[in-house]
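Just below is one structure, and these are the notes that go with it.
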Amino acid sequence: MKVKDRFENILSKDSWLIKETSWERSEQGNRESRFTLGNGYICSRGILEEIPYDSQPGTYMTGLYDNAGSQVTEIVNLPNPVNFKIIAQGEKIDVVAMDVVKHNRILDMHKGFLKRRTVYSTARKERFDYQSLRFFSLSSPHIGVIQIHFTPLDADADIIAETFLDTSMTNKGILSEGRKRHFEVNKFINRRFINYLCVKTFQKKISVGYANHLQIQHEGRKYATSEKVMRLYVKKGSTVTFTKIFAIHSSRDIGFKGRPEKRTMASLDKAVKSGFQKLLQQHIDAWHKKWESADIDIRPDINLQTALRFSIYHMLICGNPWDSRSSIPARTLSGEGYRGHIFWDTEIFMLPFFIYTQPEIARNLLYYRYRTLPAARHNARERGYKGALFSWESADTGKEETPEWHRDLDGKVVKIHTGELEHHVVGDVAYAVNHYYEVTKDEKFMLDAGLEILFETARFWASRATYNKGRDLYSIKDIIGPDEFHTGINDNAFTNVLARWNLVKAIQLYREYEARNINRFKEMAKRIKLRESEIKNWARISNRIYVRVNRNEIIESFSGFFRRKYIPIRELDDNFIPLIPKRLSLRKIGRTQFVKQADTLMLFHLFPQNYPLSQRKKNFIYYDKRTLHKSSLSPSMHALTGWGAGLCDKAFFYFIISLYGDLEDKHGNTEEGIHAASLGGNWQVVFHAFAGIRVLGGILAVNPFLPPDVNSMYLQIRYRGWLLKIKAGKNKVKILPVSGNGQMLKISVYGKTRMLKKGKLSVFEKHDS
């Protein structure tokens, strides 16, 4: 018999959909992160409701960490709120116990829900149609909803439905650690039609309250129940519908006092009164508004469009507009990779997306760094330096959380030195602060937090640099750059250039704000004891920081790099990414010129105006022959720098590698979570390289150069209080300033200064420049 698809009519167009049309348990692990649902407050991997997992499904709340039973603080794998089990005729409905006749799972990125339809067959060849739709509300971020339609197709069925909050969740074990649970159940209430459960983390003592309401619709009846186990008799062709609405609150919520019970119950009551259809429509409306500011519409390549929207979607669901006490982990909120720690990935790779589309989230991410400034100061003092040394891996407090040991690329356990030596994160944070300011001109943020970060990071570099009297130069010794194959090196070019820039920018902003005679600035300078003599010292050091460039304009990655052994890349994997030579041990790779990931080349993306095209091209060719791309951060950065160097075919190749990295599990570890840096890097390639949008020389520049298969792209951006709608073609740009501060805005298009008038569409031809 034929059963209609209950949710088919609400699906978006294909370019918004991520589809799964078959089921193989062997492929289960790398799929679930792809189907993650979230709203910036909480994210849940797209697990099939009834499946017993070897790797337990993840539900992660922004900023919620604990360290009970683990070597370092890690994100907490919370109880699973979508758990729902059905037993029909004594057999459990799931893809392991039964044959799957048909399976279809769709993530609708435009509307933020996960739709599923699976047809099962028992050992007796009796079939059951299972359909579900679920979402974590974007309009009401503490609310989640799942609706299930279950239909016996061949015979009447006795069914048992079980719905409960799965509190067996544990975090995965790493190295010597076993699996560990970071919470305990400390309260359970069964109230009329509502079940409430509260868990509390062991070490941090954070309470998380869950309340859920279940409604059943069957044979014309609609009723609520608080029972966790229900028995029903369902006739052939008849459908029973289960609608579960749940609320989640944490004691760390903004403005929260006391236990979460009262607030959780109140949120649930309000949601239940709204009902499924209204909650869904409000959620969809909120997603439409979100996408209006974030989407990049690319024509005509649908596959490229869908893959780019996948990157944007996964950034949207982990960016929190309500909370400035947390940031985005390196694997977003879709898995436990890197224990949910925060790296430089956020500031250099992801932040630009939020700066230009949702600056309020970008500001929150930077406030996280400001709130962890005390820990950064402590890190610096502990190592004998001044200023602020941001942790290489951080969690909720900002203290260093890098584990001491880790499993290397070859599976061997090695000691980790990044937490001790990979200090470029200091410059990365400073760069991000200035990037935000250049685009937004948010004076309040700079006076509240930004300037203090820039001054304290400058202080760190001034104390970190070592003076060589004989050469009258400053070196930064015993360091690790982004290329982590080489440890304990001196004068890493990326680090040194960032340090020099940080010092110069801090001086520039000090002079600027000093001249403006702003009281809040003077109070801040007095509070942190910033004096004129220190500023002059920064100038002296910045002019003498060492970076070597040879006669062929090649920037030496670090002192002595040119003397390391060059080994040609001879083998590629299935994705055309270089393989480490079989005879070369990872323990000896530091003796070679092999580079783990984009390092020196990143300078051409961060500071394009400082390097001529000829130098960028020469360096790209030189380092591309030596880079093994053993990090997900690398391909997108090679795409950006390659495009900027005019090597477009090579750059586009790297873009595709990065764009499909998680969709096709090219790194073999997507099950640990989506790679945050790849998401942001993919967006930057389209935005900065293809659309050619960035701030240069203090004004917005728009210089599109589209790939051959892209005819046009449409997007809107926020810039210094203006909302601009931009349509870029092969040789034409249309810009509409929808709103803004004042009537006129000066920008650069195709290298020529232009004036935009608010409300007036301006069209610029490439040949006019």
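Every chain in the structure tokens takes a letter, A first, then B, and so on in the order presented; its residues are numbered from 1, and the ligands are numbered from 1 following the presented order.
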
Met744 of chain A environment, 9 Å, only C-alpha atoms, sequence neighbours closer than 3 positions dropped, as a ChimeraX atom specification: /A:740-741,755-758

So that I can check the surroundings of segment 576-578 of chain A, please list as a PyMOL selection string every protein, DNA and RNA residue that reaches within 9 Å of it, counting only C-alpha atoms and ignoring chain neighbours fewer than 3 positions away. chain A and resi 569-573+581+627-630+657

Name the residues in contact with Ala676 of chain A at a cut-off of 9 Å, using only C-alpha atoms, excluding same-chain residues fewer than 3 positions from it; report them as a list of chain:residue names.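 My reading of the contact set: A:Ser311, A:His314, A:Met315, A:Ile328, A:Pro329, A:Ala330, A:Arg331, A:Thr332, A:Asp345, A:Thr346, A:Phe349, A:Met350, A:Ser632, A:Leu633, A:Gly673, A:Leu679, A:Gly680, A:Gly681.
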
Where does DSSP see alpha helix (DSSP H) in segment 614-751 of chain A, if you list the residues as a VMD selection string? chain A and resid 614 to 624 634 to 644 648 to 659 676 to 684

Nearest-residue call for Thr170 of chain A, choices A:Ile507, A:Ala97, A:Val76, A:Leu279, using only C-alpha atoms: A:Val76

Residues of segment 389-458 of chain A within 12 Å of segment 696-700 of chain A: nearest atom pair and distance (Å, one decimal) for each, counting only C-alpha atoms, sorted by chain and number, as JSON lines?
{"residue": "A:Asn434", "atom": "CA", "partner": "A:Gly698", "partner_atom": "CA", "distance": 11.5}
{"residue": "A:His435", "atom": "CA", "partner": "A:Gly698", "partner_atom": "CA", "distance": 10.8}
{"residue": "A:Tyr437", "atom": "CA", "partner": "A:Gly698", "partner_atom": "CA", "distance": 10.7}
{"residue": "A:Glu438", "atom": "CA", "partner": "A:Gly698", "partner_atom": "CA", "distance": 7.1}
{"residue": "A:Val439", "atom": "CA", "partner": "A:Leu700", "partner_atom": "CA", "distance": 8.1}
{"residue": "A:Thr440", "atom": "CA", "partner": "A:Leu700", "partner_atom": "CA", "distance": 11.1}
{"residue": "A:Lys441", "atom": "CA", "partner": "A:Gly698", "partner_atom": "CA", "distance": 10.7}

Show which residues sit within 12 Å of segment 291-296 of chain A, as a VMD selection string. Count only C-alpha atoms, and ignore same-chain residues fewer than 3 positions away. chain A and resid 15 to 16 109 to 112 138 284 to 288 299 304 to 317 352 to 359 682 to 687 690 to 691 712 to 718 723 to 728

Residues from last step as file, C-alpha atoms, as a JSON list (two decimals), in the first residue's frame:
[["chain", "number", "residue", "atom", "x", "y", "z"],
["A", 15, "SER", "CA", 20.34, 23.42, -3.74],
["A", 16, "TRP", "CA", 19.38, 23.69, -0.06],
["A", 109, "MET", "CA", 19.58, 23.81, 5.41],
["A", 110, "HIS", "CA", 17.27, 26.63, 4.35],
["A", 111, "LYS", "CA", 14.66, 25.74, 6.97],
["A", 112, "GLY", "CA", 16.91, 24.13, 9.56],
["A", 138, "LEU", "CA", 15.99, 29.13, 15.98],
["A", 284, "ILE", "CA", 11.39, 28.44, 9.41],
["A", 285, "ASP", "CA", 10.74, 32.19, 9.42],
["A", 286, "ALA", "CA", 13.75, 32.73, 11.68],
["A", 287, "TRP", "CA", 15.92, 30.67, 9.31],
["A", 288, "HIS", "CA", 14.69, 32.68, 6.30],
["A", 299, "ARG", "CA", 24.81, 30.62, -10.51],
["A", 304, "LEU", "CA", 28.88, 24.14, -5.87],
["A", 305, "GLN", "CA", 25.99, 26.12, -4.41],
["A", 306, "THR", "CA", 24.85, 23.28, -2.16],
["A", 307, "ALA", "CA", 28.36, 22.57, -0.89],
["A", 308, "LEU", "CA", 28.94, 26.24, -0.08],
["A", 309, "ARG", "CA", 25.62, 26.45, 1.75],
["A", 310, "PHE", "CA", 26.67, 23.39, 3.74],
["A", 311, "SER", "CA", 29.66, 25.38, 5.01],
["A", 312, "ILE", "CA", 27.54, 28.43, 5.77],
["A", 313, "TYR", "CA", 24.83, 26.37, 7.51],
["A", 314, "HIS", "CA", 27.30, 24.71, 9.85],
["A", 315, "MET", "CA", 28.75, 28.09, 10.80],
["A", 316, "LEU", "CA", 25.29, 29.49, 11.45],
["A", 317, "ILE", "CA", 24.29, 26.71, 13.85],
["A", 352, "PRO", "CA", 35.43, 36.92, 8.76],
["A", 353, "PHE", "CA", 32.12, 35.26, 7.85],
["A", 354, "PHE", "CA", 30.48, 36.63, 10.99],
["A", 355, "ILE", "CA", 32.15, 40.04, 10.68],
["A", 356, "TYR", "CA", 30.58, 40.71, 7.28],
["A", 357, "THR", "CA", 27.24, 38.99, 7.80],
["A", 358, "GLN", "CA", 26.43, 38.95, 11.55],
["A", 359, "PRO", "CA", 28.79, 41.32, 13.34],
["A", 682, "ASN", "CA", 35.51, 27.90, 2.00],
["A", 683, "TRP", "CA", 33.43, 31.01, 2.56],
["A", 684, "GLN", "CA", 36.51, 33.23, 2.41],
["A", 685, "VAL", "CA", 37.55, 31.78, -0.95],
["A", 686, "VAL", "CA", 34.18, 32.71, -2.44],
["A", 687, "PHE", "CA", 33.95, 36.06, -0.66],
["A", 690, "PHE", "CA", 35.92, 35.16, -6.25],
["A", 691, "ALA", "CA", 33.82, 38.17, -5.20],
["A", 712, "SER", "CA", 27.25, 35.42, -11.23],
["A", 713, "MET", "CA", 26.92, 35.57, -7.48],
["A", 714, "TYR", "CA", 24.59, 37.53, -5.23],
["A", 715, "LEU", "CA", 25.20, 38.39, -1.58],
["A", 716, "GLN", "CA", 24.68, 41.08, 1.00],
["A", 717, "ILE", "CA", 27.17, 42.38, 3.53],
["A", 718, "ARG", "CA", 27.31, 44.62, 6.55],
["A", 723, "LEU", "CA", 23.78, 47.11, 4.42],
["A", 724, "LEU", "CA", 24.97, 46.49, 0.87],
["A", 725, "LYS", "CA", 23.42, 44.12, -1.66],
["A", 726, "ILE", "CA", 25.96, 43.07, -4.27],
["A", 727, "LYS", "CA", 25.57, 41.16, -7.52],
["A", 728, "ALA", "CA", 28.86, 40.28, -9.19]]

Just checking: using only C-alpha atoms, which residue out of A:Val229, A:Ile47, A:Leu333, A:Leu451 ends up closest to Glu512 of chain A?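 Nearest to Glu512 of chain A: A:Leu451.
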
All residues 8 Å or closer to Lys244 of chain A, only C-alpha atoms, same chain fewer than 2 positions away omitted, as number ranges by chain: A: 145-147, 212-215, 242, 246

Take the residues from that selection and write them out as a PDB file, in the first residue's frame, keeping N, CA and C atoms.
ATOM      1  N   VAL A 145      11.976  20.006  18.897  1.00  0.00           N
ATOM      2  CA  VAL A 145      10.742  19.314  18.520  1.00  0.00           C
ATOM      3  C   VAL A 145      11.073  18.125  17.624  1.00  0.00           C
ATOM      4  N   ILE A 146      10.385  17.017  17.847  1.00  0.00           N
ATOM      5  CA  ILE A 146      10.436  15.897  16.914  1.00  0.00           C
ATOM      6  C   ILE A 146       9.025  15.359  16.741  1.00  0.00           C
ATOM      7  N   GLN A 147       8.654  15.137  15.486  1.00  0.00           N
ATOM      8  CA  GLN A 147       7.351  14.523  15.194  1.00  0.00           C
ATOM      9  C   GLN A 147       7.593  13.258  14.372  1.00  0.00           C
ATOM     10  N   ASN A 212      10.013  17.598  28.888  1.00  0.00           N
ATOM     11  CA  ASN A 212       9.423  17.202  27.606  1.00  0.00           C
ATOM     12  C   ASN A 212       7.951  16.859  27.756  1.00  0.00           C
ATOM     13  N   HIS A 213       7.258  17.070  26.655  1.00  0.00           N
ATOM     14  CA  HIS A 213       5.818  16.829  26.584  1.00  0.00           C
ATOM     15  C   HIS A 213       5.566  15.979  25.343  1.00  0.00           C
ATOM     16  N   LEU A 214       4.783  14.914  25.489  1.00  0.00           N
ATOM     17  CA  LEU A 214       4.491  14.006  24.377  1.00  0.00           C
ATOM     18  C   LEU A 214       2.998  14.012  24.083  1.00  0.00           C
ATOM     19  N   GLN A 215       2.696  14.210  22.811  1.00  0.00           N
ATOM     20  CA  GLN A 215       1.295  14.140  22.363  1.00  0.00           C
ATOM     21  C   GLN A 215       1.156  13.022  21.343  1.00  0.00           C
ATOM     22  N   PHE A 242       3.384  10.745  16.850  1.00  0.00           N
ATOM     23  CA  PHE A 242       3.947  11.154  18.138  1.00  0.00           C
ATOM     24  C   PHE A 242       4.612  12.521  17.949  1.00  0.00           C
ATOM     25  N   PHE A 246      10.379  19.489  23.610  1.00  0.00           N
ATOM     26  CA  PHE A 246      11.210  19.521  24.814  1.00  0.00           C
ATOM     27  C   PHE A 246      11.881  20.885  24.972  1.00  0.00           C
TER      28      PHE A 246
END

Would you list the contacts of Val425 of chain A as an MDAnalysis selection string, taking every protein, DNA or RNA residue within 10 Å and counting only C-alpha atoms, but skipping same-chain residues closer than 6 positions in sequence? chainID A and resid 343:345 347:348 389:393 431 457 481:482 495 498

Could you dump the residues just selected with all heavy atoms as a CSV table (one decimal), in the first residue's frame?
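Contents of out-v2.csv, freshly written:
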chain,number,residue,atom,x,y,z
A,343,PHE,N,40.6,27.0,19.1
A,343,PHE,CA,41.9,27.3,18.6
A,343,PHE,C,41.9,28.6,17.8
A,343,PHE,O,40.9,29.3,17.8
A,343,PHE,CB,42.3,26.2,17.6
A,343,PHE,CG,42.6,24.8,18.1
A,343,PHE,CD1,41.6,24.0,18.6
A,343,PHE,CD2,43.9,24.3,18.2
A,343,PHE,CE1,41.8,22.7,19.2
A,343,PHE,CE2,44.2,23.0,18.7
A,343,PHE,CZ,43.1,22.3,19.2
A,344,TRP,N,43.0,28.9,17.1
A,344,TRP,CA,43.0,30.0,16.2
A,344,TRP,C,42.1,29.9,15.0
A,344,TRP,O,41.8,30.9,14.3
A,344,TRP,CB,44.5,30.3,15.7
A,344,TRP,CG,45.0,29.2,14.8
A,344,TRP,CD1,45.0,27.9,15.0
A,344,TRP,CD2,45.7,29.4,13.5
A,344,TRP,NE1,45.6,27.2,13.9
A,344,TRP,CE2,46.0,28.1,13.0
A,344,TRP,CE3,46.0,30.5,12.8
A,344,TRP,CZ2,46.7,28.0,11.8
A,344,TRP,CZ3,46.6,30.4,11.6
A,344,TRP,CH2,47.0,29.1,11.1
A,345,ASP,N,41.5,28.7,14.8
A,345,ASP,CA,40.6,28.5,13.7
A,345,ASP,C,39.5,29.5,13.7
A,345,ASP,O,39.1,30.0,12.6
A,345,ASP,CB,40.0,27.1,13.8
A,345,ASP,CG,41.0,26.0,13.9
A,345,ASP,OD1,42.1,26.2,14.5
A,345,ASP,OD2,40.8,24.9,13.4
A,347,GLU,N,39.4,32.7,14.9
A,347,GLU,CA,39.7,34.1,14.6
A,347,GLU,C,40.2,34.3,13.2
A,347,GLU,O,39.8,35.2,12.5
A,347,GLU,CB,40.9,34.6,15.5
A,347,GLU,CG,40.4,34.9,16.9
A,347,GLU,CD,40.1,33.7,17.8
A,347,GLU,OE1,40.7,32.6,17.5
A,347,GLU,OE2,39.4,33.8,18.8
A,348,ILE,N,41.0,33.3,12.6
A,348,ILE,CA,41.5,33.5,11.3
A,348,ILE,C,40.6,32.9,10.2
A,348,ILE,O,40.5,33.5,9.1
A,348,ILE,CB,42.9,32.9,11.2
A,348,ILE,CG1,43.9,33.6,12.1
A,348,ILE,CG2,43.5,32.9,9.8
A,348,ILE,CD1,44.1,35.1,11.8
A,389,LEU,N,49.4,36.0,26.7
A,389,LEU,CA,49.7,34.8,25.9
A,389,LEU,C,48.4,33.9,25.9
A,389,LEU,O,48.1,33.2,26.8
A,389,LEU,CB,50.8,34.0,26.4
A,389,LEU,CG,51.1,32.6,25.8
A,389,LEU,CD1,51.3,32.7,24.3
A,389,LEU,CD2,52.3,32.0,26.5
A,390,PHE,N,47.6,34.1,24.8
A,390,PHE,CA,46.4,33.3,24.7
A,390,PHE,C,46.8,31.8,24.5
A,390,PHE,O,47.7,31.4,23.9
A,390,PHE,CB,45.5,33.7,23.5
A,390,PHE,CG,44.9,35.0,23.8
A,390,PHE,CD1,45.4,36.2,23.3
A,390,PHE,CD2,43.7,35.1,24.6
A,390,PHE,CE1,44.7,37.4,23.6
A,390,PHE,CE2,43.1,36.3,24.9
A,390,PHE,CZ,43.6,37.5,24.3
A,391,SER,N,45.9,30.9,25.1
A,391,SER,CA,46.2,29.5,25.1
A,391,SER,C,46.1,28.9,23.7
A,391,SER,O,45.2,29.4,22.9
A,391,SER,CB,45.2,28.8,26.0
A,391,SER,OG,45.4,29.2,27.4
A,392,TRP,N,46.9,28.0,23.4
A,392,TRP,CA,46.8,27.3,22.1
A,392,TRP,C,45.5,26.6,22.0
A,392,TRP,O,44.8,26.6,21.0
A,392,TRP,CB,48.0,26.4,21.8
A,392,TRP,CG,47.9,25.6,20.5
A,392,TRP,CD1,47.8,24.3,20.3
A,392,TRP,CD2,47.9,26.3,19.2
A,392,TRP,NE1,47.7,24.0,19.0
A,392,TRP,CE2,47.8,25.2,18.3
A,392,TRP,CE3,47.9,27.6,18.8
A,392,TRP,CZ2,47.7,25.4,16.9
A,392,TRP,CZ3,47.8,27.8,17.4
A,392,TRP,CH2,47.7,26.7,16.5
A,393,GLU,N,45.1,25.8,23.0
A,393,GLU,CA,43.8,25.2,23.1
A,393,GLU,C,43.1,25.7,24.4
A,393,GLU,O,43.7,25.6,25.5
A,393,GLU,CB,43.9,23.7,23.2
A,393,GLU,CG,44.5,23.0,22.0
A,393,GLU,CD,44.5,21.5,22.0
A,393,GLU,OE1,43.6,20.9,22.6
A,393,GLU,OE2,45.4,20.9,21.4
A,431,TYR,N,45.0,40.2,15.3
A,431,TYR,CA,44.6,40.4,13.9
A,431,TYR,C,43.0,40.4,13.8
A,431,TYR,O,42.4,41.3,13.1
A,431,TYR,CB,45.2,39.4,12.9
A,431,TYR,CG,44.9,39.6,11.5
A,431,TYR,CD1,45.7,40.4,10.7
A,431,TYR,CD2,43.7,39.1,10.9
A,431,TYR,CE1,45.4,40.6,9.3
A,431,TYR,CE2,43.4,39.3,9.6
A,431,TYR,CZ,44.3,40.0,8.8
A,431,TYR,OH,44.0,40.3,7.5
A,457,THR,N,48.7,42.1,23.8
A,457,THR,CA,49.3,41.2,22.8
A,457,THR,C,50.6,41.8,22.3
A,457,THR,O,51.6,41.1,22.2
A,457,THR,CB,48.4,40.8,21.7
A,457,THR,OG1,47.9,42.0,21.1
A,457,THR,CG2,47.3,39.9,22.1
A,481,GLY,N,55.4,27.4,14.2
A,481,GLY,CA,54.5,28.1,13.4
A,481,GLY,C,53.3,27.2,13.0
A,481,GLY,O,53.1,26.1,13.5
A,482,PRO,N,52.4,27.7,12.1
A,482,PRO,CA,51.3,26.8,11.6
A,482,PRO,C,51.8,25.5,11.1
A,482,PRO,O,51.1,24.5,11.2
A,482,PRO,CB,50.7,27.7,10.5
A,482,PRO,CG,51.0,29.1,10.9
A,482,PRO,CD,52.4,29.0,11.5
A,495,THR,N,54.9,33.9,12.1
A,495,THR,CA,54.9,34.4,13.5
A,495,THR,C,55.5,35.8,13.6
A,495,THR,O,55.0,36.7,14.2
A,495,THR,CB,55.6,33.5,14.5
A,495,THR,OG1,54.9,32.2,14.4
A,495,THR,CG2,55.5,33.9,15.9
A,498,LEU,N,53.4,38.6,11.9
A,498,LEU,CA,52.3,38.9,12.7
A,498,LEU,C,52.7,39.7,14.0
A,498,LEU,O,52.0,40.6,14.4
A,498,LEU,CB,51.6,37.6,13.2
A,498,LEU,CG,50.3,37.1,12.4
A,498,LEU,CD1,49.8,35.9,13.1
A,498,LEU,CD2,49.3,38.2,12.4

Å distance separating atom CA of Gly144 of chain A from atom CA of Gly237 of chain A, one decimal place: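 Calculated distance between atom CA of Gly144 of chain A and atom CA of Gly237 of chain A is 28.9 Å.
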
Residue nearest Ala68 of chain A among A:Asp665, A:Glu177, A:Asp94, A:Asp156 (counting only C-alpha atoms): A:Glu177

Going by DSSP on the backbone, which residues of segment 425-508 of chain A come out as strand (DSSP E or B)? List them as a VMD selection string. chain A and resid 466 to 468 473 to 475 479 489

When you look at segment 105-108 of chain A with a cut-off of 9 Å (counting only C-alpha atoms), what residues show up, excluding the ones that are within fewer than 6 positions of it in the same chain? I need them as a list of chain:residue names.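 After dropping sequence-adjacent residues, the list is A:Leu11, A:Ser12, A:Lys13, A:Asp14, A:Trp16, A:Leu17, A:Ile18, A:Lys19, A:Glu20, A:Thr21, A:Ser22, A:Arg34, A:Phe35, A:Thr36, A:Leu37, A:Gly46, A:Leu114, A:Lys115, A:Arg116, A:Arg117, A:Thr118.
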
Report the distance between atom CA of Glu534 of chain A and atom CA of Thr466 of chain A in Å, rounded to one decimal place. 16.1 Å
